[in-house]
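Enquirer: Please read through the structure below; I'll follow up with questions.
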Amino acid sequence: MEYQNVKGTHDVILKEANDYKYIVDLMSEVVSLFDYHLFHVPVIENANLFQRGVGASSDIVRKEMYTFLDKGERLISLRPEFTASIIRSFNNNKLYATMDLPIKAYYHGPVFRYERPQLGRYRQFDQFGIEILGTNSLYFDAEAIILGYTILKQFNLEDVTLKINSLGDETSRNNYRQALKDYFKDHIDNMCNDCKSRYELNPLRILDCKVKEDQEIIKNAPKIYDYLTEESKERFEHIKEILDENHIPYEVDDNLVRGLDYYSQIVFEFHYTSKKGFNYGAIGAGGHYSNLINELGGPKDMQGVGFSFGVERLYSILKDDDLLLDEQYLLDVYVASIDDNANLSAFNVSNLLRIHGLKVDSDYTFHKPGSAIKIAIRKKARYLIFIGLDEIENNVLTVKDLSNQEQIQIKYEDLINYFYDKLGFNHKHIEEEE
Ligand code: HAM
């Protein structure tokens with residue numbers, strides 16, 4: 001019997017696994033420049049954290065959570081996102097009382113949503129994101145957006161579309177909700193079932209509907225900007241000015257409402273269509289939250305902002321656009337025994353090099369030189385070491401540089417210095433294409 005992976009999941013292996021590591025490492029480097037700190041939070045949480053945090057009217061809580069009773073009858077969920085968990089950790093560890101604020105956290109790992117699998121949509125996928133906790137300063141809203149933009153720039157993605165909108169404060173949203181209810185009252189019977197339930201639960205979410213006929217109706221709906229309080233309007237305008245001053249291009253999209261319930265004030269999404277013409281959905285998204293920290297048990301009036309990128313989506317566009325690193329070399333050295341009596345020497349030399357920090361492979365088994373070369377090339381080794389009887393008798397090693405086919409003999413005791421000269425202490429295993 002062949003076992004299949006669970007629907008909506010996928011294996012990330014071999015070259016793709018290296019590419020994921022490259023993506024996460026580069027994003028980690030960029031957020032470190034902005035002084036963010038890594039948070040590891042559990043994959044499982046009490047279900048009510050997300051019911052409360054992400055919100056009862058969100059699709060995630062209504063139909064996408066993996067929730068189960070554990071053996072102690074606790075209702076547990078696999079996390080469908082990170083923000084609620086990071087805030088729980090901030091609150092549980094009382095970071096708001098013991099640390100300088102804001103706390104700037106970053107995180108990455110798997111999240112789980114029971115969605116219909118399709119292009120760019122999985123049931124288990126990886127997110128990389130940040131949260132800035134304990135500040136209401138609009139500068140940090142701007143920092144979050146600029147950081148997201150900077151990350152995408154570091155991947156050499158041109159033509160990223162940054163969409164922004166303001167959902168205003170609670171008063172703005174209440175007024176707008178009422179205006180939408182009034183507007184959709186006469187249309188809702190002819191709209192899709194999703195819109196009908198959103199009409200009851202959260203009319204703002206109707207604006208997110210992708211059904212063509214519904215979009216015709218949505219086109220003429222009232223715009224949120226007209227319902228923003230003066231203060232919310234000013235905040236939005238001020239952030240736009242900061243983005244302008246920092247040369248960050250953006251589009252205001254007044255239908256951008258986001259699918260999670262916790263947002264207030266600014267929300268944003270990053271979009272990109274790959275050169276192959278694929279649009280995998282938003283690559284990353286986020287926004288400001290005014291009450292979430294307090295709703296999850298933290299102090300009053302403590303606000304935050306954050307975003308998350310979908311690693312699968314980022315990987316797909318980088319792959320389509322040929323922006324992933326070329327794997328020129330995966331190994332520093334492949335060690336080949338070319339005599340049955342040289343297997344032990346191959347083993348010892350491999351480990352000597354590894355102890356000194358080189359990336360080395362060998363199968364410690366006799367091969368003819370021609371087949372050893374083929375193996376080393378398949379494994380993308382930069383150097384190949386041959387060890388046969390001659391080498392053992394003369395206390396030397398034959399080293400072949402596979403980048404130019406030059407071959408020399410080196411005294412055993414000079415081997416480490418030879419590779420330090422060639423590769424340096426901080427050599428890279430994966431080199432960028434010239
Ligand atoms: P989100 O928009 O639900 O926001 O997800 C963020 C990103 O995760 C999306 O832009 C997308 O790239 C990726 N993503 C979402 N669903 C899937 C899926 N089924 N398959 C593959 N990738 C997916 C959040 O999760 C918020 N916590 C973001 C945030 C942080 N807001 C404030 N702080």
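If you're wondering about the labels, chains in the structure tokens are A, B, ... by order shown, residues count from 1 in each chain, ligands from 1 in order shown.
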Write out as a list in words which residues come within 6 Å of range 397-413 of chain A when counting only C-alpha atoms, dropping same-chain ones fewer than 3 positions away.
Expert: Arg382, Tyr383, Leu384, Ile385, Phe386 and Glu391 of chain A
Enquirer: Those residues with all heavy atoms, as a PDB file, in the first residue's frame please?
Expert:
ATOM      1  N   ARG A 382      32.861  20.758  -5.192  1.00  0.00           N
ATOM      2  CA  ARG A 382      33.840  21.654  -5.808  1.00  0.00           C
ATOM      3  C   ARG A 382      35.166  20.921  -6.005  1.00  0.00           C
ATOM      4  O   ARG A 382      35.825  21.060  -7.027  1.00  0.00           O
ATOM      5  CB  ARG A 382      34.020  22.885  -4.898  1.00  0.00           C
ATOM      6  CG  ARG A 382      35.160  23.798  -5.242  1.00  0.00           C
ATOM      7  CD  ARG A 382      34.866  24.615  -6.490  1.00  0.00           C
ATOM      8  NE  ARG A 382      36.067  25.160  -7.098  1.00  0.00           N
ATOM      9  CZ  ARG A 382      36.616  26.326  -6.790  1.00  0.00           C
ATOM     10  NH1 ARG A 382      36.067  27.098  -5.877  1.00  0.00           N
ATOM     11  NH2 ARG A 382      37.716  26.746  -7.388  1.00  0.00           N
ATOM     12  N   TYR A 383      35.588  20.132  -5.005  1.00  0.00           N
ATOM     13  CA  TYR A 383      36.853  19.398  -5.093  1.00  0.00           C
ATOM     14  C   TYR A 383      36.604  17.911  -4.929  1.00  0.00           C
ATOM     15  O   TYR A 383      35.669  17.493  -4.226  1.00  0.00           O
ATOM     16  CB  TYR A 383      37.819  19.843  -3.978  1.00  0.00           C
ATOM     17  CG  TYR A 383      38.304  21.261  -4.158  1.00  0.00           C
ATOM     18  CD1 TYR A 383      37.652  22.321  -3.535  1.00  0.00           C
ATOM     19  CD2 TYR A 383      39.410  21.533  -4.955  1.00  0.00           C
ATOM     20  CE1 TYR A 383      38.085  23.619  -3.713  1.00  0.00           C
ATOM     21  CE2 TYR A 383      39.854  22.839  -5.134  1.00  0.00           C
ATOM     22  CZ  TYR A 383      39.190  23.870  -4.513  1.00  0.00           C
ATOM     23  OH  TYR A 383      39.627  25.151  -4.694  1.00  0.00           O
ATOM     24  N   LEU A 384      37.493  17.134  -5.554  1.00  0.00           N
ATOM     25  CA  LEU A 384      37.442  15.677  -5.406  1.00  0.00           C
ATOM     26  C   LEU A 384      38.810  15.233  -4.906  1.00  0.00           C
ATOM     27  O   LEU A 384      39.843  15.688  -5.422  1.00  0.00           O
ATOM     28  CB  LEU A 384      37.141  15.065  -6.781  1.00  0.00           C
ATOM     29  CG  LEU A 384      37.299  13.567  -6.954  1.00  0.00           C
ATOM     30  CD1 LEU A 384      36.360  12.807  -6.014  1.00  0.00           C
ATOM     31  CD2 LEU A 384      36.970  13.172  -8.397  1.00  0.00           C
ATOM     32  N   ILE A 385      38.811  14.404  -3.872  1.00  0.00           N
ATOM     33  CA  ILE A 385      40.091  13.853  -3.387  1.00  0.00           C
ATOM     34  C   ILE A 385      40.132  12.374  -3.738  1.00  0.00           C
ATOM     35  O   ILE A 385      39.188  11.636  -3.413  1.00  0.00           O
ATOM     36  CB  ILE A 385      40.239  14.030  -1.858  1.00  0.00           C
ATOM     37  CG1 ILE A 385      40.339  15.514  -1.507  1.00  0.00           C
ATOM     38  CG2 ILE A 385      41.451  13.270  -1.342  1.00  0.00           C
ATOM     39  CD1 ILE A 385      40.493  15.778  -0.015  1.00  0.00           C
ATOM     40  N   PHE A 386      41.218  11.957  -4.399  1.00  0.00           N
ATOM     41  CA  PHE A 386      41.427  10.532  -4.662  1.00  0.00           C
ATOM     42  C   PHE A 386      42.391   9.987  -3.626  1.00  0.00           C
ATOM     43  O   PHE A 386      43.439  10.600  -3.365  1.00  0.00           O
ATOM     44  CB  PHE A 386      42.105  10.331  -6.023  1.00  0.00           C
ATOM     45  CG  PHE A 386      41.230  10.680  -7.198  1.00  0.00           C
ATOM     46  CD1 PHE A 386      41.578  11.735  -8.041  1.00  0.00           C
ATOM     47  CD2 PHE A 386      40.096   9.934  -7.491  1.00  0.00           C
ATOM     48  CE1 PHE A 386      40.816  12.040  -9.142  1.00  0.00           C
ATOM     49  CE2 PHE A 386      39.327  10.247  -8.608  1.00  0.00           C
ATOM     50  CZ  PHE A 386      39.677  11.297  -9.425  1.00  0.00           C
ATOM     51  N   GLU A 391      48.913   7.022  -2.912  1.00  0.00           N
ATOM     52  CA  GLU A 391      48.728   8.146  -1.976  1.00  0.00           C
ATOM     53  C   GLU A 391      49.076   7.701  -0.550  1.00  0.00           C
ATOM     54  O   GLU A 391      49.762   8.412   0.183  1.00  0.00           O
ATOM     55  CB  GLU A 391      47.279   8.655  -2.026  1.00  0.00           C
ATOM     56  CG  GLU A 391      46.944   9.568  -3.194  1.00  0.00           C
ATOM     57  CD  GLU A 391      46.665   8.838  -4.490  1.00  0.00           C
ATOM     58  OE1 GLU A 391      46.638   7.592  -4.478  1.00  0.00           O
ATOM     59  OE2 GLU A 391      46.498   9.516  -5.536  1.00  0.00           O
TER      60      GLU A 391
END
Enquirer: So that I can check the surroundings of range 90-94 of chain A, please list as a tab-separated table (two decimals) with N, CA, C and O atoms, in the first residue's frame every protein, DNA and RNA residue that reaches within 12 Å of it, counting only C-alpha atoms and ignoring chain neighbours fewer than 2 positions away.
Expert:
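Contents of out-v9.tsv, as written:
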chain	number	residue	atom	x	y	z
A	39	PHE	N	10.92	34.90	17.86
A	39	PHE	CA	10.01	34.26	18.82
A	39	PHE	C	9.67	32.87	18.29
A	39	PHE	O	9.26	32.73	17.14
A	40	HIS	N	9.82	31.86	19.17
A	40	HIS	CA	9.33	30.52	18.84
A	40	HIS	C	8.09	30.29	19.69
A	40	HIS	O	8.19	30.30	20.91
A	41	VAL	N	6.96	30.10	19.08
A	41	VAL	CA	5.74	29.84	19.86
A	41	VAL	C	5.18	28.48	19.44
A	41	VAL	O	5.48	28.00	18.34
A	83	THR	N	-0.19	35.78	14.71
A	83	THR	CA	-0.33	37.03	15.46
A	83	THR	C	-0.91	36.79	16.87
A	83	THR	O	-0.37	37.30	17.86
A	84	ALA	N	-1.99	35.99	16.94
A	84	ALA	CA	-2.62	35.76	18.25
A	84	ALA	C	-1.64	35.06	19.20
A	84	ALA	O	-1.58	35.38	20.39
A	85	SER	N	-0.85	34.11	18.67
A	85	SER	CA	0.11	33.38	19.52
A	85	SER	C	1.21	34.31	20.03
A	85	SER	O	1.63	34.22	21.19
A	86	ILE	N	1.69	35.19	19.16
A	86	ILE	CA	2.78	36.09	19.57
A	86	ILE	C	2.26	37.03	20.66
A	86	ILE	O	2.95	37.30	21.66
A	87	ILE	N	1.02	37.48	20.51
A	87	ILE	CA	0.46	38.38	21.52
A	87	ILE	C	0.21	37.61	22.83
A	87	ILE	O	0.46	38.13	23.92
A	88	ARG	N	-0.25	36.36	22.71
A	88	ARG	CA	-0.43	35.56	23.93
A	88	ARG	C	0.91	35.46	24.67
A	88	ARG	O	0.98	35.63	25.89
A	96	TYR	N	5.23	43.46	28.36
A	96	TYR	CA	4.81	44.86	28.36
A	96	TYR	C	5.27	45.57	29.62
A	96	TYR	O	5.38	46.79	29.67
A	97	ALA	N	5.55	44.79	30.70
A	97	ALA	CA	5.93	45.42	31.97
A	97	ALA	C	7.43	45.37	32.20
A	97	ALA	O	7.97	46.12	32.99
A	98	THR	N	8.10	44.44	31.50
A	98	THR	CA	9.50	44.20	31.85
A	98	THR	C	10.49	44.64	30.78
A	98	THR	O	11.69	44.65	31.01
A	99	MET	N	10.00	44.96	29.60
A	99	MET	CA	10.92	45.28	28.50
A	99	MET	C	10.63	46.69	27.97
A	99	MET	O	9.54	47.21	28.14
A	100	ASP	N	11.63	47.26	27.29
A	100	ASP	CA	11.37	48.52	26.59
A	100	ASP	C	10.40	48.26	25.45
A	100	ASP	O	10.56	47.29	24.71
A	101	LEU	N	9.44	49.13	25.31
A	101	LEU	CA	8.45	48.95	24.25
A	101	LEU	C	8.75	49.88	23.08
A	101	LEU	O	9.31	50.95	23.29
A	102	PRO	N	8.40	49.53	21.88
A	102	PRO	CA	7.69	48.29	21.54
A	102	PRO	C	8.63	47.08	21.49
A	102	PRO	O	9.83	47.23	21.28
A	103	ILE	N	8.02	45.91	21.65
A	103	ILE	CA	8.72	44.65	21.38
A	103	ILE	C	8.61	44.41	19.88
A	103	ILE	O	7.51	44.51	19.32
A	104	LYS	N	9.74	44.09	19.27
A	104	LYS	CA	9.70	43.81	17.82
A	104	LYS	C	10.06	42.34	17.61
A	104	LYS	O	11.22	41.95	17.77
A	105	ALA	N	9.03	41.55	17.30
A	105	ALA	CA	9.21	40.10	17.20
A	105	ALA	C	9.17	39.66	15.75
A	105	ALA	O	8.46	40.25	14.94
A	131	GLU	N	5.75	41.18	14.30
A	131	GLU	CA	4.74	41.95	15.05
A	131	GLU	C	5.50	43.00	15.86
A	131	GLU	O	6.56	42.72	16.42
A	132	ILE	N	4.94	44.21	15.89
A	132	ILE	CA	5.50	45.29	16.71
A	132	ILE	C	4.45	45.53	17.80
A	132	ILE	O	3.34	45.96	17.50
A	133	LEU	N	4.82	45.23	19.04
A	133	LEU	CA	3.80	45.21	20.10
A	133	LEU	C	4.05	46.29	21.15
A	133	LEU	O	5.19	46.45	21.62
A	134	GLY	N	2.96	47.01	21.48
A	134	GLY	CA	3.07	47.98	22.58
A	134	GLY	C	3.34	49.39	22.10
A	134	GLY	O	4.00	50.15	22.80
A	292	LEU	N	-6.52	44.15	20.08
A	292	LEU	CA	-6.24	42.72	20.17
A	292	LEU	C	-5.43	42.36	21.41
A	292	LEU	O	-5.71	41.35	22.08
A	293	ILE	N	-4.43	43.18	21.74
A	293	ILE	CA	-3.58	42.85	22.90
A	293	ILE	C	-4.44	42.83	24.16
A	293	ILE	O	-4.36	41.90	24.98
A	294	ASN	N	-5.32	43.82	24.28
A	294	ASN	CA	-6.20	43.88	25.43
A	294	ASN	C	-7.22	42.74	25.42
A	294	ASN	O	-7.46	42.08	26.44
A	295	GLU	N	-7.77	42.44	24.25
A	295	GLU	CA	-8.75	41.34	24.17
A	295	GLU	C	-8.15	40.00	24.54
A	295	GLU	O	-8.83	39.12	25.04
A	296	LEU	N	-6.86	39.87	24.33
A	296	LEU	CA	-6.20	38.60	24.68
A	296	LEU	C	-5.56	38.67	26.06
A	296	LEU	O	-4.62	37.93	26.37
A	297	GLY	N	-6.05	39.59	26.89
A	297	GLY	CA	-5.65	39.59	28.30
A	297	GLY	C	-4.53	40.55	28.66
A	297	GLY	O	-4.08	40.57	29.80
A	298	GLY	N	-4.08	41.35	27.71
A	298	GLY	CA	-3.01	42.31	28.00
A	298	GLY	C	-3.57	43.64	28.44
A	298	GLY	O	-4.79	43.82	28.54
A	299	PRO	N	-2.68	44.60	28.71
A	299	PRO	CA	-3.12	45.90	29.19
A	299	PRO	C	-4.00	46.63	28.17
A	299	PRO	O	-3.91	46.37	26.97
A	300	LYS	N	-4.78	47.55	28.68
A	300	LYS	CA	-5.63	48.39	27.82
A	300	LYS	C	-4.77	49.35	27.02
A	300	LYS	O	-3.65	49.66	27.43
A	302	MET	N	-3.02	49.20	24.53
A	302	MET	CA	-1.73	48.79	23.99
A	302	MET	C	-1.97	48.24	22.59
A	302	MET	O	-2.76	47.32	22.42
A	304	GLY	N	-0.71	47.47	18.31
A	304	GLY	CA	0.38	46.82	17.58
A	304	GLY	C	0.13	46.81	16.09
A	304	GLY	O	-0.92	47.25	15.60
Enquirer: Could you give me, as a tab-separated table, a per-residue list for range 109-163 of chain A showing, wherever an atom lies at most 10 Å from an atom of range 315-323 of chain A, the closest pair of atoms and their distance in Å to one decimal, using only C-alpha atoms and sorting by chain then residue number from low to high?
Expert:
residue	atom	partner	partner_atom	distance
A:Leu119	CA	A:Ser316	CA	9.8
A:Gly120	CA	A:Ser316	CA	8.0
A:Phe155	CA	A:Leu323	CA	7.2
A:Asn156	CA	A:Leu323	CA	7.2
A:Leu157	CA	A:Leu318	CA	7.9
Enquirer: At a cut-off of 6 Å, can you tabulate as CSV every residue of chain A near ligand 1 together with its closest atom pair and the distance in Å to one decimal, using only C-alpha atoms and all ligand atoms and ordering rows by chain then number?
Expert:
residue,atom,partner,partner_atom_place_in_ligand_line,distance
A:Glu81,CA,ligand 1,25 (O),4.6
A:Phe82,CA,ligand 1,27 (N),5.5
A:Thr83,CA,ligand 1,27 (N),4.8
A:Gly120,CA,ligand 1,21 (C),5.3
A:Arg121,CA,ligand 1,20 (N),3.4
A:Tyr122,CA,ligand 1,20 (N),3.9
A:Arg123,CA,ligand 1,19 (N),5.5
A:Phe125,CA,ligand 1,21 (C),5.2
A:Gln127,CA,ligand 1,8 (O),5.9
A:Glu131,CA,ligand 1,33 (N),5.7
A:Ala282,CA,ligand 1,10 (O),4.3
A:Ile283,CA,ligand 1,12 (O),3.7
A:Gly284,CA,ligand 1,10 (O),3.5
A:Ala285,CA,ligand 1,10 (O),4.6
A:Gly286,CA,ligand 1,31 (N),3.5
A:Gly287,CA,ligand 1,32 (C),5.0
A:Val305,CA,ligand 1,32 (C),5.7
A:Gly306,CA,ligand 1,33 (N),3.4
A:Phe307,CA,ligand 1,30 (C),3.5
A:Ser308,CA,ligand 1,28 (C),4.5
A:Phe309,CA,ligand 1,7 (C),4.7
A:Gly310,CA,ligand 1,12 (O),3.4
A:Glu312,CA,ligand 1,21 (C),6.0
A:Arg313,CA,ligand 1,12 (O),5.8
Enquirer: Output as a Markdown table one row per residue of range 56-164 of chain A within 7 Å of range 263-271 of chain A: the closest atom pair and its distance in Å to one decimal place, counting only C-alpha atoms, sorted by chain and residue number ascending.
Expert:
| residue | atom | partner | partner_atom | distance |
| --- | --- | --- | --- | --- |
| A:Val160 | CA | A:His271 | CA | 6.0 |
| A:Thr161 | CA | A:His271 | CA | 5.0 |
| A:Leu162 | CA | A:Phe270 | CA | 4.7 |
| A:Lys163 | CA | A:Glu269 | CA | 5.2 |
| A:Ile164 | CA | A:Phe268 | CA | 4.3 |
Enquirer: With only C-alpha atoms as the atoms that count, which of A:Gln4, A:Asn48, A:Thr150, A:Asn165 lies nearest to Asp253 in chain A?
Expert: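 Smallest distance to Asp253 in chain A is found for A:Asn165.
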Enquirer: Running DSSP on the backbone, which parts of range 191-273 of chain A land in strand (DSSP E), as a list in words?
Expert: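 Reading the DSSP output for range 191-273 of chain A, strand (DSSP E) covers Glu251, Val252, Ile266, Val267, Phe268, Glu269, Phe270 and His271 of chain A.
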Enquirer: Create the file for the chosen residues now, containing C-alpha atoms and written as a PDB file, in the first residue's frame.
Expert:
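Below is the file again30.pdb, written as the result:
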ATOM      1  CA  GLU A 251      -2.011  51.990  -4.402  1.00  0.00           C
ATOM      2  CA  VAL A 252      -4.969  52.850  -2.218  1.00  0.00           C
ATOM      3  CA  ILE A 266      -4.077  50.824   8.244  1.00  0.00           C
ATOM      4  CA  VAL A 267      -4.147  47.470   6.423  1.00  0.00           C
ATOM      5  CA  PHE A 268      -1.895  46.428   3.539  1.00  0.00           C
ATOM      6  CA  GLU A 269      -1.097  43.613   1.118  1.00  0.00           C
ATOM      7  CA  PHE A 270       1.806  42.871  -1.231  1.00  0.00           C
ATOM      8  CA  HIS A 271       0.917  41.456  -4.650  1.00  0.00           C
TER       9      HIS A 271
END
Enquirer: With a distance cut-off of 6 Å and only C-alpha atoms, select the neighbouring residues of Pro80 in chain A, excluding the residue or stretch itself and same-chain residues fewer than 4 positions from it, and output the selection as a ChimeraX atom specification.
Expert: /A:111-113
Enquirer: Any chance you could export the current selection's N, CA, C and O atoms as a short mmCIF file (atom, residue, chain, number, x, y, z; two decimals), in the first residue's frame?
Expert:
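Now in result_22.cif:
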data_model
loop_
_atom_site.label_atom_id
_atom_site.label_comp_id
_atom_site.auth_asym_id
_atom_site.auth_seq_id
_atom_site.Cartn_x
_atom_site.Cartn_y
_atom_site.Cartn_z
N VAL A 111 1.73 26.93 9.43
CA VAL A 111 0.38 27.24 9.90
C VAL A 111 -0.60 26.38 9.11
O VAL A 111 -0.26 25.86 8.04
N PHE A 112 -1.82 26.23 9.63
CA PHE A 112 -2.75 25.23 9.11
C PHE A 112 -4.12 25.86 8.89
O PHE A 112 -4.68 26.47 9.80
N ARG A 113 -4.63 25.70 7.68
CA ARG A 113 -6.00 26.19 7.40
C ARG A 113 -6.69 25.19 6.48
O ARG A 113 -6.12 24.82 5.45
#
Enquirer: Please return, as a list of chain:residue names, all residues of range 297-328 of chain A that DSSP assigns to alpha helix (DSSP H) on the basis of the backbone.
Expert: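 Here is the list: A:Val311, A:Glu312, A:Arg313, A:Leu314, A:Tyr315, A:Ser316, A:Ile317, A:Leu318, A:Lys319, A:Asp320.
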Enquirer: Excluding same-chain residues fewer than 4 positions from Leu33 in chain A, what lies within 12 Å of it counting only C-alpha atoms, as a PyMOL selection string?
Expert: chain A and resi 26-29+37+104+147+150-151
Enquirer: Would you mind exporting the chosen residues as an mmCIF file, in the first residue's frame, restricted to N, CA and C atoms?
Expert:
data_model
loop_
_atom_site.group_PDB
_atom_site.id
_atom_site.type_symbol
_atom_site.label_atom_id
_atom_site.label_comp_id
_atom_site.auth_asym_id
_atom_site.auth_seq_id
_atom_site.Cartn_x
_atom_site.Cartn_y
_atom_site.Cartn_z
ATOM 1 N N LEU A 26 17.325 34.897 4.373
ATOM 2 C CA LEU A 26 17.449 36.278 3.885
ATOM 3 C C LEU A 26 16.439 37.188 4.603
ATOM 4 N N MET A 27 15.205 36.695 4.784
ATOM 5 C CA MET A 27 14.216 37.523 5.494
ATOM 6 C C MET A 27 14.672 37.767 6.939
ATOM 7 N N SER A 28 15.255 36.738 7.562
ATOM 8 C CA SER A 28 15.727 36.895 8.950
ATOM 9 C C SER A 28 16.828 37.950 9.010
ATOM 10 N N GLU A 29 17.709 37.934 8.002
ATOM 11 C CA GLU A 29 18.784 38.928 7.978
ATOM 12 C C GLU A 29 18.215 40.340 7.867
ATOM 13 N N HIS A 37 13.447 40.467 16.955
ATOM 14 C CA HIS A 37 13.963 39.328 17.719
ATOM 15 C C HIS A 37 13.090 38.106 17.498
ATOM 16 N N LYS A 104 9.739 44.089 19.265
ATOM 17 C CA LYS A 104 9.697 43.813 17.824
ATOM 18 C C LYS A 104 10.062 42.338 17.608
ATOM 19 N N LEU A 147 9.426 47.749 5.968
ATOM 20 C CA LEU A 147 10.186 46.510 6.177
ATOM 21 C C LEU A 147 9.721 45.426 5.196
ATOM 22 N N THR A 150 11.052 46.294 1.878
ATOM 23 C CA THR A 150 12.506 46.088 1.820
ATOM 24 C C THR A 150 12.828 44.608 1.633
ATOM 25 N N ILE A 151 12.098 43.751 2.330
ATOM 26 C CA ILE A 151 12.328 42.300 2.185
ATOM 27 C C ILE A 151 12.152 41.902 0.723
#
